[in-house]
>>> print(open('start-v6.txt').read())   # compact mmCIF, C-alpha atoms
# COMPACT_ATOMS: atom_id res chain seq x y z
CA MET A 7 168.37 74.60 187.27
CA SER A 8 167.58 78.23 186.65
CA LYS A 9 170.04 81.02 187.29
CA ILE A 10 168.03 82.06 190.35
CA GLU A 11 168.52 78.65 191.96
CA ASP A 12 172.24 78.76 191.14
CA PHE A 13 172.74 82.35 192.25
CA LEU A 14 173.16 81.60 195.97
CA SER A 15 173.72 78.37 197.85
CA LYS A 16 171.35 77.39 200.68
CA GLU A 17 174.11 78.31 203.15
CA GLU A 18 174.56 81.72 201.55
CA GLU A 19 170.80 82.32 201.67
CA GLN A 20 170.76 81.49 205.37
CA GLU A 21 173.64 83.91 206.00
CA ILE A 22 171.64 86.66 204.28
CA VAL A 23 168.55 85.81 206.34
CA GLU A 24 170.72 86.10 209.46
CA ALA A 25 171.99 89.50 208.26
CA ILE A 26 168.36 90.62 207.90
CA ARG A 27 167.60 89.45 211.44
CA ILE A 28 170.63 91.34 212.79
CA ALA A 29 169.83 94.49 210.80
CA GLU A 30 166.24 94.53 212.06
CA GLN A 31 167.31 94.25 215.72
CA ASN A 32 168.02 97.99 215.83
CA THR A 33 165.15 99.35 213.78
CA SER A 34 161.42 98.98 213.36
CA GLY A 35 162.13 98.97 209.60
CA GLU A 36 161.54 95.78 207.64
CA ILE A 37 164.06 94.56 205.07
CA ARG A 38 163.47 91.91 202.41
CA VAL A 39 165.54 90.51 199.56
CA HIS A 40 163.90 89.33 196.33
CA LEU A 41 165.60 87.52 193.45
CA GLU A 42 164.25 87.21 189.91
CA LYS A 43 165.68 86.00 186.62
CA THR A 44 164.96 89.30 184.84
CA SER A 45 163.11 92.52 185.50
CA ASN A 46 161.70 92.60 181.94
CA GLY A 47 162.36 96.33 181.76
CA ASP A 48 163.18 99.06 184.24
CA VAL A 49 164.62 97.47 187.39
CA LEU A 50 163.24 100.11 189.78
CA ASN A 51 159.73 99.86 188.34
CA ARG A 52 159.87 96.08 188.74
CA ALA A 53 161.15 96.47 192.32
CA ILE A 54 158.12 98.65 193.09
CA GLU A 55 155.77 96.03 191.61
CA VAL A 56 157.39 93.26 193.67
CA PHE A 57 157.31 95.47 196.78
CA HIS A 58 153.52 95.72 196.49
CA HIS A 59 153.10 92.07 195.47
CA LEU A 60 154.93 91.05 198.69
CA LYS A 61 152.60 93.41 200.61
CA MET A 62 155.59 95.29 201.98
CA ASN A 63 153.51 98.47 201.88
CA ASN A 64 151.39 97.12 204.75
CA THR A 65 153.86 97.80 207.57
CA LYS A 66 152.66 99.92 210.48
CA GLU A 67 155.14 102.76 209.88
CA GLN A 68 155.43 102.31 206.11
CA ASN A 69 159.10 101.53 206.59
CA GLY A 70 159.65 98.43 204.49
CA VAL A 71 162.75 98.22 202.29
CA LEU A 72 163.17 95.87 199.37
CA ILE A 73 166.52 94.88 197.90
CA TYR A 74 165.54 93.61 194.45
CA ILE A 75 167.98 91.72 192.23
CA ALA A 76 167.40 90.71 188.60
CA VAL A 77 170.03 87.98 188.26
CA GLU A 78 170.34 87.63 184.47
CA ASP A 79 170.08 91.39 183.95
CA LYS A 80 172.90 91.94 186.45
CA ALA A 81 170.81 94.78 187.87
CA PHE A 82 169.44 95.64 191.28
CA ALA A 83 167.44 98.32 193.04
CA ILE A 84 166.66 99.34 196.59
CA TYR A 85 163.13 100.58 197.19
CA GLY A 86 161.82 102.09 200.41
CA ASP A 87 158.19 102.65 201.36
CA LYS A 88 156.48 106.04 201.75
CA GLY A 89 157.31 106.40 205.45
CA ILE A 90 161.00 106.18 204.67
CA ASN A 91 160.95 108.22 201.48
CA ASP A 92 159.12 111.05 203.24
CA VAL A 93 161.97 111.57 205.72
CA VAL A 94 165.21 110.73 203.93
CA PRO A 95 167.24 112.66 201.35
CA ASP A 96 166.88 111.69 197.68
CA ASN A 97 170.26 109.94 197.60
CA PHE A 98 169.66 108.04 200.84
CA TRP A 99 170.25 104.56 199.39
CA ASP A 100 173.19 105.48 197.13
CA SER A 101 175.90 104.57 199.66
CA THR A 102 174.22 101.21 200.31
CA LYS A 103 174.03 100.52 196.57
CA ASP A 104 177.71 101.49 196.20
CA VAL A 105 178.78 99.02 198.91
CA MET A 106 176.74 96.24 197.33
CA GLN A 107 178.03 96.99 193.83
CA SER A 108 181.66 96.84 194.98
CA TYR A 109 181.11 93.22 196.11
CA PHE A 110 179.00 92.33 193.07
CA LYS A 111 181.77 93.46 190.71
CA ARG A 112 184.03 90.86 192.35
CA GLY A 113 181.36 88.16 192.04
CA ASN A 114 180.74 88.04 195.79
CA PHE A 115 176.96 88.33 195.71
CA LYS A 116 176.23 86.87 199.14
CA GLN A 117 178.59 89.31 200.84
CA GLY A 118 177.28 92.23 198.78
CA ILE A 119 173.69 91.48 199.71
CA SER A 120 174.57 90.88 203.37
CA GLU A 121 176.55 94.12 203.61
CA GLY A 122 173.71 95.99 201.87
CA VAL A 123 171.19 94.58 204.34
CA LEU A 124 173.33 95.52 207.35
CA LYS A 125 174.00 99.03 206.00
CA ALA A 126 170.30 99.51 205.27
CA GLY A 127 169.54 98.48 208.85
CA LYS A 128 172.00 101.07 210.19
CA GLN A 129 170.50 103.78 208.01
CA LEU A 130 166.95 102.83 209.01
CA LYS A 131 167.90 102.99 212.69
CA ALA A 132 168.45 106.76 212.38
CA TYR A 133 164.84 107.36 211.32
CA PHE A 134 163.06 104.30 212.70
CA PRO A 135 164.84 103.15 215.87
CA TRP A 136 163.69 99.91 217.48
CA GLN A 137 160.90 100.39 220.02
CA GLN A 138 159.87 98.11 222.90
CA ASP A 139 156.60 97.11 221.22
CA ASP A 140 158.07 96.42 217.74
CA ILE A 141 157.25 93.11 216.10
CA ASP A 142 158.76 91.50 213.01
CA GLU A 143 156.02 92.29 210.49
CA LEU A 144 157.52 90.63 207.39
CA SER A 145 159.30 87.39 206.66
CA ASN A 146 163.09 87.51 206.62
CA GLU A 147 163.30 84.72 204.04
CA ILE A 148 164.56 85.53 200.54
CA SER A 149 161.68 85.56 198.08
CA LYS A 150 162.07 84.47 194.48
CA GLY A 151 160.06 85.15 191.38
>>> encode(input="start-v6.txt", output="structure tokens")
Amino acid sequence: MSKIEDFLSKEEEQEIVEAIRIAEQNTSGEIRVHLEKTSNGDVLNRAIEVFHHLKMNNTKEQNGVLIYIAVEDKAFAIYGDKGINDVVPDNFWDSTKDVMQSYFKRGNFKQGISEGVLKAGKQLKAYFPWQQDDIDELSNEISKG
């Protein structure tokens, strides 16, 4: 088994998917989690590549958010689409990253990812509140590369 397959149990993955569903209830924003063995370089640049590969840039309001984790590198990044980046301060995702990192340092990756997803959802709500006609534009399942 690869490190990606060992990183989270099936139950933990389902708990994260549920956190995504809950986070997206209050915002039109779309949140995804992607796991890879290694970023092969700069983690943020790789997160941007994956963001486009997953077609997260095709949301109606350009408000997709990717939580990217390079398992073997022990590195992660949060990347938001143009619609989000145009309206938020430069350090918008720092508090979310700090919460996640505090769990990661203790080896509690499932909880760190879940808390990051829920916090991202709360932050997105301020700029992209849920509207009556909103639809879930992207899969909530964890993607792996």
>>> residues_around(input="start-v6.txt", residues="Lys80 in chain A", least_positions_apart="3", cutoff="12 Å", atoms="only C-alpha atoms", output="ChimeraX atom specification")
/A:9-10,13,41-45,49,74-77,83,107,110-111,113,115
>>> closest_residue(input="start-v6.txt", among="A:Trp99, A:Asn46, A:Asp104, A:Ala53", to="Glu78 in chain A", atoms="all atoms listed in the file")
A:Asn46
>>> closest_residue(input="start-v6.txt", among="A:Asn114, A:Gln20, A:Gln31, A:Gly151", to="Glu55 in chain A", atoms="all atoms listed in the file")
A:Gly151
>>> atom_distance(input="start-v6.txt", atom1="CA of Tyr109 in chain A", atom2="CA of Ile148 in chain A")
18.8 Å
>>> atom_distance(input="start-v6.txt", atom1="CA of Val56 in chain A", atom2="CA of Gln137 in chain A")
27.5 Å
>>> residues_around(input="start-v6.txt", residues="Glu147 in chain A", least_positions_apart="3", cutoff="8 Å", atoms="only C-alpha atoms", output="PyMOL selection string")
chain A and resi 23+38-39
